[in-house]
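Below you'll find the structure, written out as structure tokens, and then a few comments.
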Amino acid sequence: MSSAPPVRQSTKPLRIVACIKQVPKAEELQVDPKTQTLKRVGVPSEINPPDANALEIALSLKDRHGAEVTVLSMGPTSFDEALERAVAMGADRAVLLTDRILGGSDTVPTAYALSETITHLGGYDLILCGEETTDASTGHVGPGIAGHLGIPQITYVSELLLEDGGVRARRTAEDGTEWWRARMPCLATVNFGCNSPRDPSLTGKIRVKRGGLVTHRSCADVGIDPTKVGLLNSPTIVAKVDTVRLPSRTGKVFRGDPKEAVRQLLEALRADRVILP
Amino acid sequence: MTSAHVLEDRSHFRGVWVFLEPRKGGLRDVSVQLIGEARRIADRRGAPLTGILPGHRVGDMARHAIGYGLDRVLVVDHPYLEIYRSRPFTSVMAQLIRRHKPEIVFFGASKNGRDLGGRLHAVLETGLAADCVKFDLDADGNLDMIRPSFGGKSLAHILCKKHRPQMASVRRNVFVAPRHDPTRTGEIVPENVELSEADLDVNLIEFKEFTREGGLKPDEARVVVAGGFGLGGPEAFGMLQELADLLGGALAASRKAVDSGWVPKTLQVGQTGMTVRPEAYVAVGISGAVQHLAGMQESRRIVVLNADPKAPLFEIADYGIVGDLFEVVPEMIRQLKASRVAGGARPLGALAAAP
């Protein structure tokens, strides 16, 4: 791994980069009972919810300590919607890395391209990402960025405090809560649902309207090696997609008088030996 | 950063590895569950199966792990590996992979496993498929890594053709742990790796174990009673707990119920929560967003209680009741209690594994 970037100088304001992705609204996605496929048409987009929790941590650090919060995303220009919302919530600026040659990138080129862009943007103390996206749900990009940049990482964080030029973060593990310390610069991935992301403010919306706070970069602008990104340079490919055949279910549904419906249900469960008679 | 890694010749890469995650003096259950599936893939490839165990004073654990079906365990015993940290564990795995060139590496998708895999695949610049539920081999011998795509309604076949090793993670309870054979023999190979104090770039300053509030955990219980947004508020979870207790089960919840702050996230079933596959999953007031299905559709029996007959979850229900939940659930509790008093039903949880 490369030598770590220099330790931050405390005289400058804290520089935070929050990485976000725009995803289809998860709770709006339901299966069409007739076609057994996802209803995708007309599904609105949102900031990937765990990324919104990461952004909220960035903005509350800004409230408490003063910080420059840059929001970064990679994707098509339709992602401007999420970036504008992030600025309206209180981020100082937003940058979209957008380029045709990035299309089809898996998590390896994505982590590479985002880390190159973060470096290109001119230094950082803290990088925040959501724990995973609700559409691809790998959770690989955050740790991948930290790996590329050679900086400390703390994943699955619910709370993050600044302390003596470093961070102190509460991580939720399977069997307990861990408190970790790391120096800056470092990266943290943030637990879904650990806070309530603020709504865009009126002044924030006005700042967006004035323009200039959401800007675009191409791979050439950043100096991204085109032979390392895109579908063809991604280690993984999706070879095919099968529709899941769920085990056939008997689907005995009872209605009417609750007393009778419950009696029938329990009887059926006993007959099926789900409850032993 | 590290060397680009489009690898010289794929045929140099041989063998199947499983990352063995130490946790409090034992192996994490998902690591053990993985050994069975990895054995199957290794046998089909005609290749040895190796466990990788970084840790400190883990010799006994390595010998024990052999019994689950490994041919050998590479042990990296170092005081810097006493607890899991991203950088030293990534460094250990990267050094060993470059040294021995395995064809396939499996990880448990625990918090630490994902933390490690995500960093490692970027450092090695190779493919990593998350949360696989099934593996196969294609005609060229590539690992076919099968994972649910959005919300579990479809399955994506992921291939990593040009890069090695092929890496994949698996959530707990997707595979069943193999039986332990204490008489099985295998090789324990101590490995040296370079680690420095600078690798300890994060420090654990406090650990507070979750207290089990007497109840079963949803991903360990044989019956799960899960509540959703249709319950209207946190109060209703009291009656669900009672129902769960009567059925010998555990309480769980949908994301919307967790999101609304009614119950803690530790109870959440679904894509951003737990995966469960109990004998019976009783969904109360859960409409059935696809991301919820991803966490429970493998349950043997699905029982749906909902006021809305159009709730999508009825589509995959074995049994269900359409009705007012505040009438149906108390009535279920009453009748279950009555049959118990009559010397009747054993709870569902007492049922042995069904075919």
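We name chains A, B, ... following the order of the structure tokens; residues begin at 1 in each chain, and ligands are numbered from 1 as shown.
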Check: Could you write out as number ranges by chain the residues of chain A within 6 Å of chain B, counting only C-alpha atoms?
Finding: A: 1-2, 30, 108, 135, 138, 140, 143-144, 147, 152, 175-182, 235-244, 249-255, 258, 262, 274-277
Output C-alpha atoms of each residue in that selection to a file, as a short mmCIF file (atom, residue, chain, number, x, y, z; two decimals), in the first residue's frame.
```cif
data_model
loop_
_atom_site.label_atom_id
_atom_site.label_comp_id
_atom_site.auth_asym_id
_atom_site.auth_seq_id
_atom_site.Cartn_x
_atom_site.Cartn_y
_atom_site.Cartn_z
CA MET A 1 0.00 0.00 0.00
CA SER A 2 1.17 3.53 -0.69
CA GLN A 30 -42.83 -3.46 -5.39
CA VAL A 108 -13.26 -1.73 -8.62
CA ASP A 135 -29.85 -0.80 -5.44
CA THR A 138 -22.42 -4.42 -2.11
CA HIS A 140 -17.60 -2.44 -1.38
CA PRO A 143 -13.67 0.42 1.80
CA GLY A 144 -12.39 0.33 -1.81
CA GLY A 147 -7.86 0.99 0.07
CA PRO A 152 -7.69 4.30 7.74
CA ASP A 175 -22.59 -8.65 18.81
CA GLY A 176 -21.94 -5.24 20.24
CA THR A 177 -20.94 -1.63 19.91
CA GLU A 178 -17.32 -0.69 19.28
CA TRP A 179 -15.73 2.73 19.73
CA TRP A 180 -12.74 3.29 17.44
CA ARG A 181 -10.21 6.09 17.12
CA ALA A 182 -8.45 6.98 13.91
CA PRO A 235 -13.27 -7.48 -13.23
CA THR A 236 -16.85 -8.70 -12.90
CA ILE A 237 -19.61 -8.95 -15.45
CA VAL A 238 -23.25 -9.87 -15.05
CA ALA A 239 -23.44 -12.89 -17.32
CA LYS A 240 -27.19 -13.29 -17.06
CA VAL A 241 -30.15 -12.58 -14.81
CA ASP A 242 -32.72 -15.22 -13.89
CA THR A 243 -36.14 -14.53 -12.54
CA VAL A 244 -36.36 -16.08 -9.13
CA ARG A 249 -46.90 -21.57 -1.93
CA THR A 250 -50.30 -22.94 -1.14
CA GLY A 251 -51.73 -19.53 -0.42
CA LYS A 252 -54.63 -20.42 1.87
CA VAL A 253 -56.00 -17.05 2.90
CA PHE A 254 -58.83 -16.81 5.41
CA ARG A 255 -61.23 -13.90 5.73
CA PRO A 258 -61.58 -13.07 13.05
CA VAL A 262 -57.89 -17.67 13.30
CA VAL A 274 -46.10 -26.20 11.52
CA ILE A 275 -47.75 -26.45 14.91
CA LEU A 276 -47.70 -30.01 16.22
CA PRO A 277 -51.19 -31.15 17.26
#
```
Would you mind listing what lies within 9 Å of stretch 214-216 of chain A as a PDB file with N, CA and C atoms, in the first residue's frame, with only C-alpha atoms counted and same-chain residues fewer than 2 positions away left out?
```pdb
ATOM      1  N   THR A  77     -25.962  12.484 -15.805  1.00  0.00           N
ATOM      2  CA  THR A  77     -26.284  13.852 -15.387  1.00  0.00           C
ATOM      3  C   THR A  77     -27.624  13.934 -14.655  1.00  0.00           C
ATOM      4  N   ASP A  80     -27.796  14.968 -11.007  1.00  0.00           N
ATOM      5  CA  ASP A  80     -27.798  16.351 -10.530  1.00  0.00           C
ATOM      6  C   ASP A  80     -28.916  16.596  -9.525  1.00  0.00           C
ATOM      7  N   LEU A  83     -27.675  15.734  -6.219  1.00  0.00           N
ATOM      8  CA  LEU A  83     -26.611  16.654  -5.808  1.00  0.00           C
ATOM      9  C   LEU A  83     -27.186  18.019  -5.432  1.00  0.00           C
ATOM     10  N   GLU A  84     -28.192  18.448  -6.178  1.00  0.00           N
ATOM     11  CA  GLU A  84     -28.833  19.729  -5.839  1.00  0.00           C
ATOM     12  C   GLU A  84     -29.513  19.640  -4.483  1.00  0.00           C
ATOM     13  N   VAL A  87     -26.883  19.979  -1.805  1.00  0.00           N
ATOM     14  CA  VAL A  87     -26.458  21.375  -1.605  1.00  0.00           C
ATOM     15  C   VAL A  87     -27.549  22.138  -0.853  1.00  0.00           C
ATOM     16  N   ARG A  93     -20.614  22.462  -1.813  1.00  0.00           N
ATOM     17  CA  ARG A  93     -20.589  22.288  -3.264  1.00  0.00           C
ATOM     18  C   ARG A  93     -20.797  20.813  -3.570  1.00  0.00           C
ATOM     19  N   ALA A  94     -21.112  20.536  -4.822  1.00  0.00           N
ATOM     20  CA  ALA A  94     -21.285  19.151  -5.223  1.00  0.00           C
ATOM     21  C   ALA A  94     -20.619  18.949  -6.564  1.00  0.00           C
ATOM     22  N   VAL A  95     -20.015  17.793  -6.708  1.00  0.00           N
ATOM     23  CA  VAL A  95     -19.284  17.479  -7.938  1.00  0.00           C
ATOM     24  C   VAL A  95     -19.790  16.144  -8.465  1.00  0.00           C
ATOM     25  N   LEU A  96     -20.115  16.143  -9.750  1.00  0.00           N
ATOM     26  CA  LEU A  96     -20.530  14.897 -10.397  1.00  0.00           C
ATOM     27  C   LEU A  96     -19.447  14.474 -11.383  1.00  0.00           C
ATOM     28  N   LEU A  97     -18.904  13.304 -11.150  1.00  0.00           N
ATOM     29  CA  LEU A  97     -17.996  12.717 -12.131  1.00  0.00           C
ATOM     30  C   LEU A  97     -18.860  12.005 -13.153  1.00  0.00           C
ATOM     31  N   THR A  98     -18.883  12.539 -14.357  1.00  0.00           N
ATOM     32  CA  THR A  98     -19.801  11.979 -15.349  1.00  0.00           C
ATOM     33  C   THR A  98     -19.077  11.864 -16.683  1.00  0.00           C
ATOM     34  N   VAL A 208     -28.934  26.868  -4.492  1.00  0.00           N
ATOM     35  CA  VAL A 208     -28.932  25.988  -5.672  1.00  0.00           C
ATOM     36  C   VAL A 208     -29.421  26.751  -6.902  1.00  0.00           C
ATOM     37  N   GLY A 211     -27.110  28.861  -8.824  1.00  0.00           N
ATOM     38  CA  GLY A 211     -26.277  28.081  -9.746  1.00  0.00           C
ATOM     39  C   GLY A 211     -24.808  28.046  -9.383  1.00  0.00           C
ATOM     40  N   GLY A 212     -24.092  27.214 -10.075  1.00  0.00           N
ATOM     41  CA  GLY A 212     -22.632  27.164  -9.937  1.00  0.00           C
ATOM     42  C   GLY A 212     -22.113  26.255  -8.831  1.00  0.00           C
ATOM     43  N   SER A 218     -15.166  15.417 -16.093  1.00  0.00           N
ATOM     44  CA  SER A 218     -15.011  14.244 -16.956  1.00  0.00           C
ATOM     45  C   SER A 218     -13.781  13.471 -16.479  1.00  0.00           C
TER      46      SER A 218
END
```
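When atom CA of B:Val73 is paired with atom CA of B:Arg172, their separation reads 21.2 Å.
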Next item on the list: Would you mind reading off the distance between atom CA of B:Ala283 and atom CA of B:Leu231, one decimal, in Å?
Entry: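 Between these atoms lies a distance of 10.8 Å.
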Next item on the list: Please identify all polymer residues within 7 Å of B:Ala221, counting only C-alpha atoms, omitting same-chain residues fewer than 5 positions from it, and present them as a list of chain:residue names.
Entry: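 Neighbouring residues, sequence-local ones excluded: B:Leu216, B:Gly249, B:Ala250, B:Pro278.
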Next item on the list: Return as a PyMOL selection string the full set of residues in stretch 21-268 of chain A whose backbone-based DSSP assignment is strand (DSSP E or B).
Entry: chain A and resi 22-24+31+38+45-47+67-74+93-97+126-130+153-163+166-172+176-183+186-190+214-217+237-243+252-254
Margin query: Restricting the calculation to only C-alpha atoms: of A:Met184, A:Gly104, A:Phe192, A:Ser137, which residue gets closest to A:Thr172?
Written below: A:Phe192
